Each structure stands twice: as structure tokens, then as C-alpha cells.
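S.K.: The structure is given below, and queries will be raised subsequently.
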Amino acid sequence: MRRRSEAEVCSHVTLALQMFGRLGLLVNVPKSTLAHTQRLDFIGAVLDSVTARASLPESQFLTIQRARRKLRIHWHVFRDGVGSVVHSYYDGADRLQDQAVEFKGRTQLSFQEISQGVVSLSLLNARLSDSGEYRCIIVDSHQGATGDIILQVAVPYTQPQLTVSYQNRDEVMLQCKSKGGYPEAEITWQEVNGNQQKYSEQTAHLRTSEGTFEVQSNLSMRVQENTVLMKGSDAENERSVYGSWLFACGIVLLAVTLAGAGFVYWRRKQNHKLQKDKSSNNSLHSTAPYGHQNEEDEALLQTECEVPQGHQIKKEEEEVLLHAESDRKGKSLQEFLVHLKMEKYQTKKLTLSNVLEINPEILRDGNCQALGEIPWHFLRKVMALNVMARSTRLGLTAPVDEEEQDTGNNVIPFEKIVSNVCVNPLDVLCAVLCCSDRFLQREILFKMSMCQFALPLMLPALDTPKCMLLLWAMRDILRKWTPHNLADSRGFREESLVLMSVPTVSFVRLGRCSLSKSKILNKVLSPPQQHYDFFVHKDMESGNVPREIAEGLVEISWYFPGGRESSDPFQEPIAVINLRGDIESHWLQFSFLAEISSAVFIFADCISEREYELLSSLKESTKYYFILNNQSGNSSETLGSLNTLTSLLKLSKSQLLVKDKTSNKAEFVKSLQSIIGNILSSSHKQVNMEDMAVTARELGIQVDEDCEECQHANVCIEEITGEIKDVAEYKREMLKLQGDTWKNLAKVEKEFCRMKKQMDVPPEKYKSQLQEKLLKLRTEQNKCDLSEGLIKFLDGIGNLPQVEKHYFLKGIKFRLDHLTRCKLSTLRNLYKEKCQATDNPQQLAKVDKLFSANSLGVEHFMRDLGQFYEAEQSMFKEGKMTESQRKFTNLPGIAADLMLDGFPMELIDGDASNIPLQWVTDVLTKLHAKLGGRSKMLVLTVLGVQSTGKSTLLNTMFGLQFAVSSGRCTRGAFMSLIKVAETLRPELGCDFILVIDTEGLKAPELAKLEDSYEHDNELATLVVGLSDITIVNMAMENATEMKDILQIVVHAFLRMEEIGQKPNCQFVHQNVSDVSAHEQNMRDRKHLLEHLNEMTKAAARMEKQPKELTFSDIMDYNLEEHNWYIPGLWHGSPPMAPVNMGYSERVSKLKKYLLQYTRSRSPNRNLKDIPQFIEWVKSLWNGVKHENFIFSFRNSLVAEAYNELCLRYSEWEWEFRKEMHLWVCGQETAIQNQPPHELNLDHLKSEAQSKLLCGEEKILECLEKYFESGVKNLHLIEKYREDFIKSTKGLKNELECYLFSKCEESIVIQKGRHKIDNIQEKYRKTIEGKVVSLLEDCRNRNCRLSNMELETEFETMWSNTLVSLDFSPSKQLQINQDMQKQLKQNMSIRGSAINQMLQKAGPLMNCGIKPFTVRKEHFNFSRTKARDELFIQNSRTNTEKLVIFLKDKCCSYVEEKVNSKVDYDETYCRELLHIIDERLKKEEVEQLCTSYSFEVDLKLHVLGHAARAFQKMHEDFIKENDPIQRLKKFKPQYFSIFRDLYLEKDASQQRARDFCEQCLKPALLDYVKNRLGIKIMDDILGNGQSIEYSSRTFFQFYLLKKLLEEMDFDNYVKYINNYEDFVKSEIWKDILYHYKKREDLEALEKEILSIIIKKITKVLKNSRDERENTISDFVANFCRQLQSDLVICKDSLEMILFQNTANIKQFSDDIEVCLSELERNLSSEFKAVNTEKKLSMLQIKPQDELFRKVFGCGQQCPFCKVPCEAGGMAHKEHFASIHRPQGLAKFRDLSTKILEYSLCSSDVVSNAEFRHPDAKGKYHPYKDYRHYYPDWRIQPDSSIEASDYWKFVFKEFNHQFAREYKAKPADLPKNWGKITKEQALESMKGVFNMK
């Protein structure tokens, strides 16, 4: 067997030996001075050990005693990048406390060969798991060395087993197996001559549970003729002897023979001697696993050997080492990045969006667990402003990172592997910056500056040919400070770090220095009692870890005074630069520092000859200071060198500082601060970073700004900013559209909604004027051309490549902010001077306005572009511009790209307090398209008082870039988009987080304005409405100081609760640093909740909400979980204070909680996508522009969700109704088939109740499931759930009355019919007896009678029998007399006067013939109301409508009874009177002031019409049920039977045909008629084209659309004035149109008929099997099985059974044959009846059911009479999507008779007034209409165009309506005439949400 992989990959010498039980490892011990290279050989071997020996000169061996005393030996093993301690030895003994558990008791160190320089480590009981990379570190007191070796343990395979099996006559199979070995092996087959057999199978490998392998191979061979096959006794072991073939099986594993118990492989890796001496800091040079082993080993070796410096390395050797270091540097970064798993970002750089992305790591706890997590830990922490970002140590119990595979040598050596794993923070910083793009670098440095970290000024040449100066990356950083000269006036300065010129002091190291330069600098820069580590130093966490790639890094920090002379170490700003590494190795960086610095401080332990040579080349232009550590040796050499340098560099005594053992650290720092202070006062050399960049370029150092993209962007920026001389003037000239014109537009838009300046102008005319003003302002805007500056800006954001565009935006923001700061600084001084000089508020106000006028940022340019876009869009909508003429259609796409790139977008213009709605809508629409529709967003907003750190809170929480400085607070609202990682999207339920930052409430500059509170309310309402989570930021611990802001917030949340929104609220209490704040403030939180509850009640009263509410009712709030106490932002006193770590950690905890909260709620919550967010922006903004938000709010998403619920409820309601219709139909059929004594009304009622309860529960269950289904936006309509529950109960009660009345009526009818049937049966039996007697008589005669004679005999018998019957005809009633009698009884309580009216009226039969006319005497007005012409007119109109309603309802009742074909019952009259009385008792009818005369005339009219109809019905019933007449009907059949019996014909077939024709056919027709109505309903509702019947809103839209298409004036009049009749008429027309093809309706009839025919056929077949004795039994069984489906006429059935002696089977077969013929005949008859007649004959009329479905409650708007569209029947409020001009409802001016054109949807927000019938003629504001009509919600129009439909109709038919209403045409506003039919349709689509 041959091992497949190891031989190919291993290029090192390997040796495998047999061993028993233990493994020996021998390594040479280095002695004395080590050479630069060391060869590790394998020599000799013993049975149980392997010796690895380092060959050293004989003279270098140590003595045994010295070795044992001084020697330190450490063995480590590395697997998958993680190290473990194998064995440690020092101080003359084994030190095994840190030894890994797996090696406990298994290691042994031997010193037997130490005299030869060999120390042996034995590893007992070798295991497979012992394989790995072993490193040995050997150190004595002077020098040290390291060596690496790879151990691979192997296990021998068992002796190969060979088996032979016989396949067929001439073929055998050989199989070879071996097991228990490691690693994998190959089996080869060889012939005896050594040739390899080619036709064997590949080796199969099986891994066992112990980790070893089992191998197997098969060889198939043909058998020769002389072969003998011999079988042994064991059948499993077979042997074959093959003629000339002999086979041998061998397993070859490299060069190893299979024998013994185990194998060991050693592979030499690399082994380097490391050397230290004074001149090179005793650094050890070797190749580390990832290229940096020298520095790691240096740390280890420096710890182990504290050696005084005394040995000098030759110059040539050092040059070789430096050259090697330079060669190594190129690949060191890449290897380090591999180590940190960042290598892929070396080419594809990290971006800011990568870092800000919301990913699962945010939700995890704890420190880094793997090296690959450290860079991300740093980025997350620094973005969160956490000062612990520089912590790079892994956790104490960090598990092995399973993903960190294939690292080979890339592991960091540690002295104690089990201790915390870490890397140097500066290495991490350099690695992260090298892997970041320029924009992320800029953000990192900005965040680092807030943490007061020293910033990287110059990166070493890691991934660039030369060092890189970071200038562009620092341009965002601003600092405020108080110079000494402004301390008394409490003034301050604010400047960009890049532009600020200050003295610069540099600190460098020469050679090895035991003093910590960075630690001393931190003390120098720290104010008293406020120490901070600006620079990383060795005593910080991980600061002692050797740097891998950060050597040569140049860092910079600043000191800024706070105006406190006693505590500020320096009175003016100063820059301090720190060079990492020796200046000899980084001479370029040192040269740069020497050029820019006012002074350079050089740290050194000593100055030897080599250091002197370096220093002697320095220039005199820079002042040098030397800081020496006197604790080291060689002071005489150092002093000598300094004396020589004194003259060269002109050093003074003060430029030499010596730190010895006796020096006090504090005093040393003080002296250093004093020297630096003197430098500040005496130095005239001040540079800013731009000056530094110039010097850098001269020295050949790269500058990050010098890239081509940045330079091109800077050119574009300069073209814009170069023209800005005066900011205010520039804005007026270049950004014209956002000036007064835009502000006037905003005012007009709000006035359009509030109409406060309306005066006496009619509302619609005033709105028309405002609309013209808006158009005029937009026209003015559109006439403007883009300014030069705006053109250049647009070119920058629209045409530049992606990277250049980012440079452009960042750069122009920097320039504009700088210009603004300069101007605002001047204005602040001016304001201060004015305040001191004058008390004139006007002058101060004038200066105050200059602050806004001189504020300029990117948002102002974007705002102007938005206005250009909106102006153009407005012109396009008005038809003044074609699509091809538009120039700005690409602007929304450009803005959307900016949002995707992370730039905040302005949502609310803070200067104009307005939303550019069209602009925002189109930008977000483009954004949605660019995201491919995946735009689910969690919206998070913040509210709070101005300057309380809201923007800083969001920036800290999410790493965003909301403006927090530049001398300007946030104005308006800005939104920024944060991506959610793909892996986290399903958990959070969103693709992005949209963060909205708002301006502060209670802003001082707005407090003087009258509408400041209103402004804050608008802002709060808008952002709360848009948000899913609202953070209320409070900058004080005591909530009582926040009463005003809380009142505003509570108002906003109350409004959201009313419209179905219930966002989560988090209260953030800032500047609370006590750790016990949460517990200590328990009482305060309870008081806060009490305040919030009180405010909620007060807000409810202000919003005119009657219900009692608490704060938790209106929002998702938890007292304990939703209050956060956060310390202040700064740790100490600015400007030198870093961000408070407590602040950062609490904000991070808040962020984590919000994400976890979102994740927990995501299954039950549908977040908004961008289209939904747009709708919310529109509706909320429209709502806040009105004074009464709650009653003004309209939202298409709410409407859509409500319509969907109505649609579903309508479906459930119809299913319930259908089920009850079918049940009652079956019961009516069953009742007609049962005798009266078996009928039990109580039982039927009980069954009906059960059915009704079941149906009700089913609807309620469907309703519950629907609200729990997760359908989007259900939370918005939660408040309507109760309405639909009540509607369901009302529906159940309605159907209960219907079922009970139907059952009662059917039983009454059946009982009456039974009496008639009993009489009929008596007569029938008499006539049948006579027929039988006649038959017998004729048969007994001698002669055969002819047909003529038979007919003569039958006629004689029939006439005689009828004469002999005892017949008393039914008495005919006078229905009118009975009804008149009941009317008198009904009106008797009204008094004698009413009785006289009834007597004068005459017979009832004469009443109701002429149309009913409302007359003057029908009213009884009071004296006051009699003078109110408007009231009289309204009363008359409403009374006429009442008459029509009652007439229609009573006529429907009469028609229903007439069609039932039953006899008259006196209850019918009582029911009609009850209908009228109930309606007249209604409150709205009583308000009409009708008289008793009206009641009498109305009842006479209705009952007169009914009496005539009932009289005819009664007469028809008598005629139909006259016994003689019924007998006469059957005379032909009796004669036919008589004749057939006499002639002895087989009449079975004829009887079967008669059974089908006379019994089944009528029953089948009734069956189809009873069910066809239900079938038609299902067909219409199931048709996708009949969506208009799905809800009332859809139906309204359908009607109005159809009216618009037809433009028929008469139809409009009917629709407006007789809505119910019009709807019924339209439904009827629609049904007829739907079934204009008769075959469509016939198909439904056939389908119903087919069902019952199949059932009849099945019953016939079943009846045959029951073997009845007679035909009577057969028919009785047949009828019994179909009694719930068919009503078979008893008379016809008896005729079939009379003298029927047919064979049952034959009779059944004949019926089945005739049944098919009957089905065909019925189908033919269906075709003969026209559709209208069919529909009129149906029991369940589809037109009535559809009317009931879409008509609703029937209520109409009290002003314009538009019908209510609310779903269900029990809704609390009535509403309509669109209202119409009141003139269309006959309203007119009483004096001029001119039709009114005002819209109630406009009146309710105007100062218009109305008169209520009960108001005694007084006028009331329309705004208070809810006092008089509390059940109506009239909302303002959602847009200017919302009412265009009815405006267009009124405009088109103005004169026709005037003629119709006998009035004068309305004086309509001019702009109504411009409305087109297309615009009318579009407006209606928008209102009904049908786009």
C-alpha cells in the first residue's frame, strides 16, 4: 500500500521509525553566540525515540551546571491556529501549571546529553491527536533560539488478508483487505515478476470510529485450462493454484514496512537563530509563520532574558538584516490579513455600508472569540464611540475557531498560549485602514477623534510603495476650544483640524529605549484629574504585544484648552506627533517630522557611535530635545556623543532631559509640559495639515487626496465654492426656488387646508383662488433657469463616476460647512455686540434671521433641485408642458442613488416647515424600483427638545452621519437608510432600517412665533405616525421639566391610536450616570406614567374624543423595559474629554434591545415597504396640515385594508345567507310534504337557532382568523373589528326573523291547504268510486262498447256525480272592509278628529289610486319654524323621500305575499301598519314636524293599494282551490284511465309518462325556481368581472364611473335624488346584461336540474331493491326520500295511483326513461321563457340580494346626501369617500335661489356655517357639525383634485340641474371649467384608491 498525499506535498526530510509506547524528540541546545542560520538535521535513531539535533561548534557548548541553572525551555504545539503548552522548564525545574490537559503526565525532559548541546523531550503513549506543529523556544541569560518541527503520527495496518472466490467457470475474484492503519494507504497488485497488475479496482477506504482506516481492493482474473481450484475446510477461505501465476500482495506506505505498533513522521519546517545586542535592541531575526516571527519572538525572548547591552553587531551584518527586513515587509501585511481573515478586503475594500449593515453579530454578547473577529470588533466599537475599541484581546476561554483552517505557519507565538490571545491595537488599526476605502477611513478617523484616540497621520508603506499621509480622511473632524484670550468672555472657537494652524511637537525614539514614549505623552496631554490614554502604550491592554505591521506608523493628537487657566496644561492648541519605531528604520518619516515640527523630542537609552552618525546629519532649522534614560549603562559614551552634537545642533542645556531612578514621574511630566509651553510661546512655526501635505509631497510621501478621483472632484467643488463670497447673497442668487417663493407655497398649501384667512369668500371660491395662487407660484418657479452653481452641483452628483461623486459630496460638504462656520462665528459676535449695545428686539430679530440666511449645506442644493422638479411636475400636470419638454425627470433617480449610498435625505424642509411631497414621493418610488421591490423597512424616529443630543444618539447607535455641528442644529427632518443583512432579514421582517432625525421641539428661535406649539405638534404627529419605534429623548432626569414636550408627544400618539397606528415608544433619559438610576428612579417612572395618563386624558378632551384613555392604550409602552437611563456624552470636561464609555455601552444596549424587540414582534407585525411609507407620508402630511387631525386624516392604506375586510365580510355574509336560504327552502318543501299534526314550529325554531348560532360563530371565527392572519395593515383597521362583530350579531337576528316568519307562514299555508285537501279527497273518492262502478257495468255488458259509447257513458256518469256532490262554495271576503276596520283601530288612540278624517276618506278601495302628494296641511310647524323657509324646504324634501321609502317597502311586502299564492290573512294588514308606525317613530322623522293628517293620508294610500292587491289574491286563491274546478282538471285523465282499463291496455308506460309530466315536472320547476336565485348570486359574485359587488366602496366607484361614461343627466338626477331606486334599477340592468345571452342563464338552470335528476334516478334505483308489494308503496317510498327536495302535487299523485296495477320494476324503468325525456323538455322550456320573466318568478331574487349587499345602511350625508359606504350594518360612524356640491342635493340660496356649489368636505375646515333643524334658525360652524351629526365623519379632501368628479358633473349640467330644481344656475369658480372628463375620472380613481 502506498500513501497518496504526504509524499507529494512534503519537501522536507522525513523519517519514520518503529516505536513502542513512546516518542522521543531531541533538539540541540544553542550555546554562546548563535549564527544567522541554523540547520536542523535528523540523526541516529533508537527504538523508541527520534533525535532532532542542531549542529553547533564544539566551543559553544555550555557546561551542564550553567545550562541547568540558566536555561529556559518552552514547547508549544499549534493546531488550526490555536496554541497549547506542551512543556515548560525554567529556574532549574519543570513548570507544568500551564500545561495542556492532553499532555498531562506524558512529557519528560532529559538533560543526559546536555554536554553535547542536546536536551531531549519525550512524549509518551503517542496518539493520532498528537499530530501538529511543535515549536521550541530555548533561552539562556544571553541569547535564545526557536525551532519548528511538524509531527505526524501514524498507525500500522494489520497483515493483509487475501481471499479467493469463484465467479464463474473461467473467472475468479481476488480480494485483499487490511485495517487499523493511519493514514490512508493504497493496495497494489503485482505479479511474481514485479510487474504491476493494471486491471485491479481502486482502493476503497473506510474511516473507523477510532480514526483509523480499513482498505480493500479486488482483482478479477480469468482461469487457465490447467488451473486447479482447491477448497479448504473453511468455506470462507478459499485457495487457488493458477498454472503459471503466482501472486503477491504488498502494502507500500512510502518507505515504511508494515510491522510494529506505530509510526511517527517529523517534517523540518524552518529554524532560525535569533540574536540580540545593544545596537539592535537585541532583536531576534527569523521567519515567523505569517512573516513576523521576529517581533513575536522578540517579545518572548525579551521576557526571558534581561541582558545588559554590550555586544556590537558588525555593520555589514546589520545591513544584511535591514535588507532582509525590507524584503519581508512587502508580504507581511498580506500574511497578517490572512491571519485576521481580512485578506479579501485588501483588494475589494470595506465600505461604510459594510460596517453599518445590521447583522447577527450585533445581537451577540461577549468579547471576540477568534482572531478573525478582532477587526470587526474594532469597527463596531469605534462606530459606536466606545473607547474600548482598542481592546484586541480574545476572551479567557476563547474556543477554537473551527473556521480558522489551513493556516500552516500563520500563528502568533505566545509565552503562555492558554492566556488571552491578542494582537497589537495599532496593527489592527493599520490592517483595518488598509482594508477600508477612503470614505470608511474618513468615518473611522472621525469616530476615533471623538474617542480622543490619537489619529494615524501617516501609514507605513504596507500596501503602497511609500508612506501615505491621511489628509482627506481627517477633513470631517471639527474641534471647539476656548483660547486663553476668550476665557473671560466665555467665547469659543470652532475649526476643522485640517485647516487649523498650530505649533507641532514630534516625539521619536532612537535605538532601544526603556522609557515608554507614548505613556509619557498621555500624561503630558492629560489635564489634571483627567488622565486619558490618547496613545497606545505597552502598559495598556495588548499594548505590549509586538507590532507586526505598525512599525513606522505616525500618529497625531492635539491638545485644546478649555479656558481654565488653572487646569489647562497649555493655553493654546498644540499638535503632538508620535512616531512608532526607531528613527533609523524609518528615516523618511523622521525627516518629515523634522520639517513640520517646531520641536522634536528624541527618546534614547544611549547614543552610540552609530546613533551619533545618524544625528549628525540633522538640520539646525528644527529644535531638538533629547530625553535620556539614565538607568541604562554606557552613560560615558552617550555623554561624549552629546557633547559633540551640542555644537553641531546648537543644543542648549534645557534641550537635554535625563530621567534617572530618582526622578519623580509627575515632576518629569511637569517639566516636559513647561518646555512645550515655552515652545508654544516662542515658536512662530505653525502649520496645518494642508501645509504638512505640501511637505510630504516634497519628500516623496503619498497623500491620500492626491488620487485622481479626489482631485477631479476637488476641481468641481472649487468651481462651485469659489464663487461663494457671501453665503446669504449666494443663496438668494443661485438657489432662488427655496426662498420666499417656496415659503409662500408652503403657506398657501396649509391655508388650503385650514382656510383661516377665508373671510367672507365662499369656501370653494376661496380654494379656487388659492389653487390659482399655487399655480402662479409654481409657474414663477418653472420660469427660473438652473443657476451656474446648481448646474455644476447637478453635474457633480449626476454625471461623475461613483467614487468621484462620493468625493464630490464629501468635499463640498466640508467646504460649505467651513464657509458657514466662518460666517456664523461673525454673526455670533455681532449678536453679542447688539445684545450689549441695544434692547431693540427688531434689530436683534434682524440679526437672528441672518443665522438661517447664512446657513448653507448640501441639503440646500438638493432642496432647490427638488423645487425645480416639483415646479416642472406641476406644469406637466396642468398640461402646460409635454413629456418631451421635461428636463428634470432624472433627478429622483439621482437622489435615490444618494440614499442608497448612505447620504441622508431631507424629508421635511425645516426652513419652510413643509414637505415637498411630489419630490419625496418620486424619490422614494425610484428607490423602491432600484431595490427591486424588496423595501420592507423598520422606521425609527427620535423626538426631543433641541440640542439634547438626538442626532448624536442616532449617529452613535447606527454609525450614521446626521449633522451635529457646523454651528447649526437639525432643521426639519432627515431620513437615512441602513441595510439589514440577508441572514437577519427573515428574523427582523425587514430589508432596511429607515432612521429619521428631527429638529428639536421647543426650539428657542421658534418659541417667539405664535404657531410654534402647532409646528411642534405637526412635526411630532408626522414622525410618530411614520415610525414603528419612536425614541423620546429627554436630557434631564426629572420628567416634570419635560411637561410641554410630553404633552406634544402624547397628542401625537393619541392621534395615531385613532387612525390605527400603535408604535412602540422608548423614553431615553440622558445625563443620568448613576449606576442605580434605574432602581432609584422607580418612583419617578411611576410619576412619569401618571403624568402621561393625565396628559392622555387631557389630549383626548382637546381632540374631542369622549372615551377614557390611558397612555398604554394609545401606544406600546412598558414602564420597566421602555425607559433608558444614559450617562452624559463626555467623560470629563470638553474639549479634551473622550466619549463616555457608559454612554456608548448604554446606547449599544438600547440598539440591541430595539432589534431584539423587532425580532420578537416580526411574526405578528407587517412593516411598511416604501410604497406604503409613501402613502403614510401623504396621508399624515395632509392630516397635519388640517387643524383637526383625527377627523381630517385619510390614508389609502387604511382604505385598502378596510375595503379588503369589507370584501371578506361580504363573502362570509353571503355564505351565511345562502346557507339559511337553502335551509328554509328545504324546510318549506318538507312542511308541504307533511300532514299538519306532524308539524312542530318549536322544533323548527330550535333547529333554526342552532343553524343561526353555527353560522354566526363561523363568521366570527373567520373574522378572528382574518385579524390574526398577518394580512398587511390589519392593525390599521383594528378599531373596526367591533363594528363587524355587531354587524354579525345583527345579521343573525335579521335572519332569525326571516327564518321564523318563513316557517310560521309555511305551516299556516300547509294547514289551510290540508283543510282544502280533505274536502277535495272526499270528492275525489266519490268520483273514483263512480268510475270503478261504471267500468264494472260496462264490462258486464254482452256487447263491446266503442270509444264513442265509452265517452258517452263516462260523460253521463260525470255529470250525474257532480250534481249529486254536497258542495258549498267558499265565502268571498271583502278585504278592504277588514283592512279599513284595522286602520280605525290603529288610529283610535289619536282622537275623534282622526276618526272623522277616516270617515271622510271613503272606501279604502278608492284610496291609493292617484300618486301621493305632500301638502301643506301635512305639517305642523311651530311659529318659529314656520318662518324658517330653509327648514320648511328641507322638511318637505325629506318627507317626500319618507313617502317614497314607505311606499316601496310596503309594496315589496304586498308583492311578496301575492306571489306566495296563499289566501289573505288579517295579519298582513297589521304588518303593513307596523312598518309605517315604526318608521314614523324614528327621531329623524319626528323632526320633520309632520301632522296626523299626513299619517292618515299615508296609511290610507298604502292600505288602499294593498287592499286591491290582496282582494285579487284572495279571489284567485278561491278560484284555484275550488273542489269542483280541481276535479274538472282531472276529468280527461279519469276518462283515459277508464278507457284503458276497459280496453285492457298496458298503461304502465302512459302512467309513467303522466307521473313525470303531472307530478315531477311541476316539482322540478319549483325546485329550479327556488334555487336559481342563489345560483345566479354565486355566478355573479364568483365572476372576476363583477368586482363592483364585492364591497360598497367598489360599487360606488362602479356607479360613478358608469355615470361618467354615459353622461346622462337624467341618470344623475335619479342617482342623486332617488338613490335606492336608481341602485335597484342599475342592478337589474346589470343582471340582464350579464345574462343577455340566454344560454348563460339556461346553463345554470340545467346545472340545477341535472343535480335533482341525478338524485331522482338514484332514488328510483334504490326503491327497486326494497321490493314493495304495490305501486302505492313504491310511490310512497319514492316521495318520502325526496320530501326535502320536491313537493309533488297530491291530486296528481292520486291520479297516477288510481287503478294502477302495473309491474313495479316496469313502472320504475318507464319513469327513468321518461325522466330523460322530461329533462330535455324542461331544457327546451327554459329557452322559451325570457330572462326578465324568469328573474321575476324566482323565490330568492338576486337583484334584492345584490341590493342588500351593496346598499348598506342607506344613510346619506346630512349636507350633500351622498350615501354611506361603511361596511356591515352596525358601524358606529357613517362615511363616504367623496362628497359632492350641495346644490346637486337641491340646496340653494334662499334669497337668490341660486344653487349652492360648496362642498361639505371643504366646509368642515372653513369658517362657513349651517343651520340645523333643531337649532331654532341659528347658524353653526361647519367645524362643529359633529355636535349635531355625531354619527357622520366628513373628512376634508385628501388633495386639491379629490372633488374634481362632482365639480366636473356640476359644471357640465349646471343649467340642467337649475331647471330640474326650479332654481338658478350656480356661479361656479372659474377653474372648475378647466376640469376635463379624464381629470374627473382620475380624481375618482385616486379617491377610491383604484389606481
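Numbering starts fresh at 1 for the residues of each chain in the C-alpha cells, the chains themselves are lettered A, B, ... in the order given, and ligands are numbered from 1 as they appear.
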If you run DSSP on the backbone here, which positions in range 99-174 of chain A get helix (DSSP H, G or I)? Please write them as a PDB file with N, CA, C and O atoms, in the first residue's frame.
M.R.:
```
ATOM      1  N   VAL A 101      -4.130  19.909  29.062  1.00  0.00           N
ATOM      2  CA  VAL A 101      -4.616  18.687  29.707  1.00  0.00           C
ATOM      3  C   VAL A 101      -4.198  17.448  28.944  1.00  0.00           C
ATOM      4  O   VAL A 101      -3.840  16.422  29.538  1.00  0.00           O
ATOM      5  N   GLU A 102      -4.169  17.525  27.612  1.00  0.00           N
ATOM      6  CA  GLU A 102      -3.881  16.342  26.805  1.00  0.00           C
ATOM      7  C   GLU A 102      -2.444  15.833  26.992  1.00  0.00           C
ATOM      8  O   GLU A 102      -2.125  14.695  26.663  1.00  0.00           O
ATOM      9  N   PHE A 103      -1.562  16.710  27.527  1.00  0.00           N
ATOM     10  CA  PHE A 103      -0.174  16.306  27.703  1.00  0.00           C
ATOM     11  C   PHE A 103       0.166  15.996  29.163  1.00  0.00           C
ATOM     12  O   PHE A 103       1.326  15.692  29.469  1.00  0.00           O
ATOM     13  N   ILE A 114      23.301  16.968  27.576  1.00  0.00           N
ATOM     14  CA  ILE A 114      23.438  18.427  27.542  1.00  0.00           C
ATOM     15  C   ILE A 114      24.859  18.869  27.284  1.00  0.00           C
ATOM     16  O   ILE A 114      25.107  19.934  26.742  1.00  0.00           O
ATOM     17  N   SER A 115      25.821  18.015  27.648  1.00  0.00           N
ATOM     18  CA  SER A 115      27.214  18.377  27.375  1.00  0.00           C
ATOM     19  C   SER A 115      27.491  18.421  25.880  1.00  0.00           C
ATOM     20  O   SER A 115      28.387  19.108  25.431  1.00  0.00           O
ATOM     21  N   GLN A 116      26.708  17.669  25.112  1.00  0.00           N
ATOM     22  CA  GLN A 116      26.829  17.743  23.655  1.00  0.00           C
ATOM     23  C   GLN A 116      25.852  18.779  23.061  1.00  0.00           C
ATOM     24  O   GLN A 116      25.703  18.888  21.838  1.00  0.00           O
ATOM     25  N   LEU A 128      -2.829   9.607  17.733  1.00  0.00           N
ATOM     26  CA  LEU A 128      -3.057  10.284  16.451  1.00  0.00           C
ATOM     27  C   LEU A 128      -3.283  11.788  16.658  1.00  0.00           C
ATOM     28  O   LEU A 128      -2.884  12.604  15.849  1.00  0.00           O
ATOM     29  N   SER A 129      -3.911  12.135  17.780  1.00  0.00           N
ATOM     30  CA  SER A 129      -4.212  13.542  18.036  1.00  0.00           C
ATOM     31  C   SER A 129      -2.977  14.348  18.370  1.00  0.00           C
ATOM     32  O   SER A 129      -3.038  15.582  18.450  1.00  0.00           O
ATOM     33  N   ASP A 130      -1.842  13.704  18.575  1.00  0.00           N
ATOM     34  CA  ASP A 130      -0.619  14.448  18.883  1.00  0.00           C
ATOM     35  C   ASP A 130      -0.038  15.133  17.647  1.00  0.00           C
ATOM     36  O   ASP A 130       0.895  15.934  17.773  1.00  0.00           O
TER      37      ASP A 130
END
```
S.K.: For range 1257-1268 of chain A, find every residue with an atom within 9 Å (counting only C-alpha atoms), except residues of its own chain fewer than 3 positions away, and show them as a PyMOL selection string.
M.R.: chain A and resi 1164+1205+1208-1209+1212-1213+1216+1252-1254+1271+1274-1275+1278+1281+1284-1285+1288
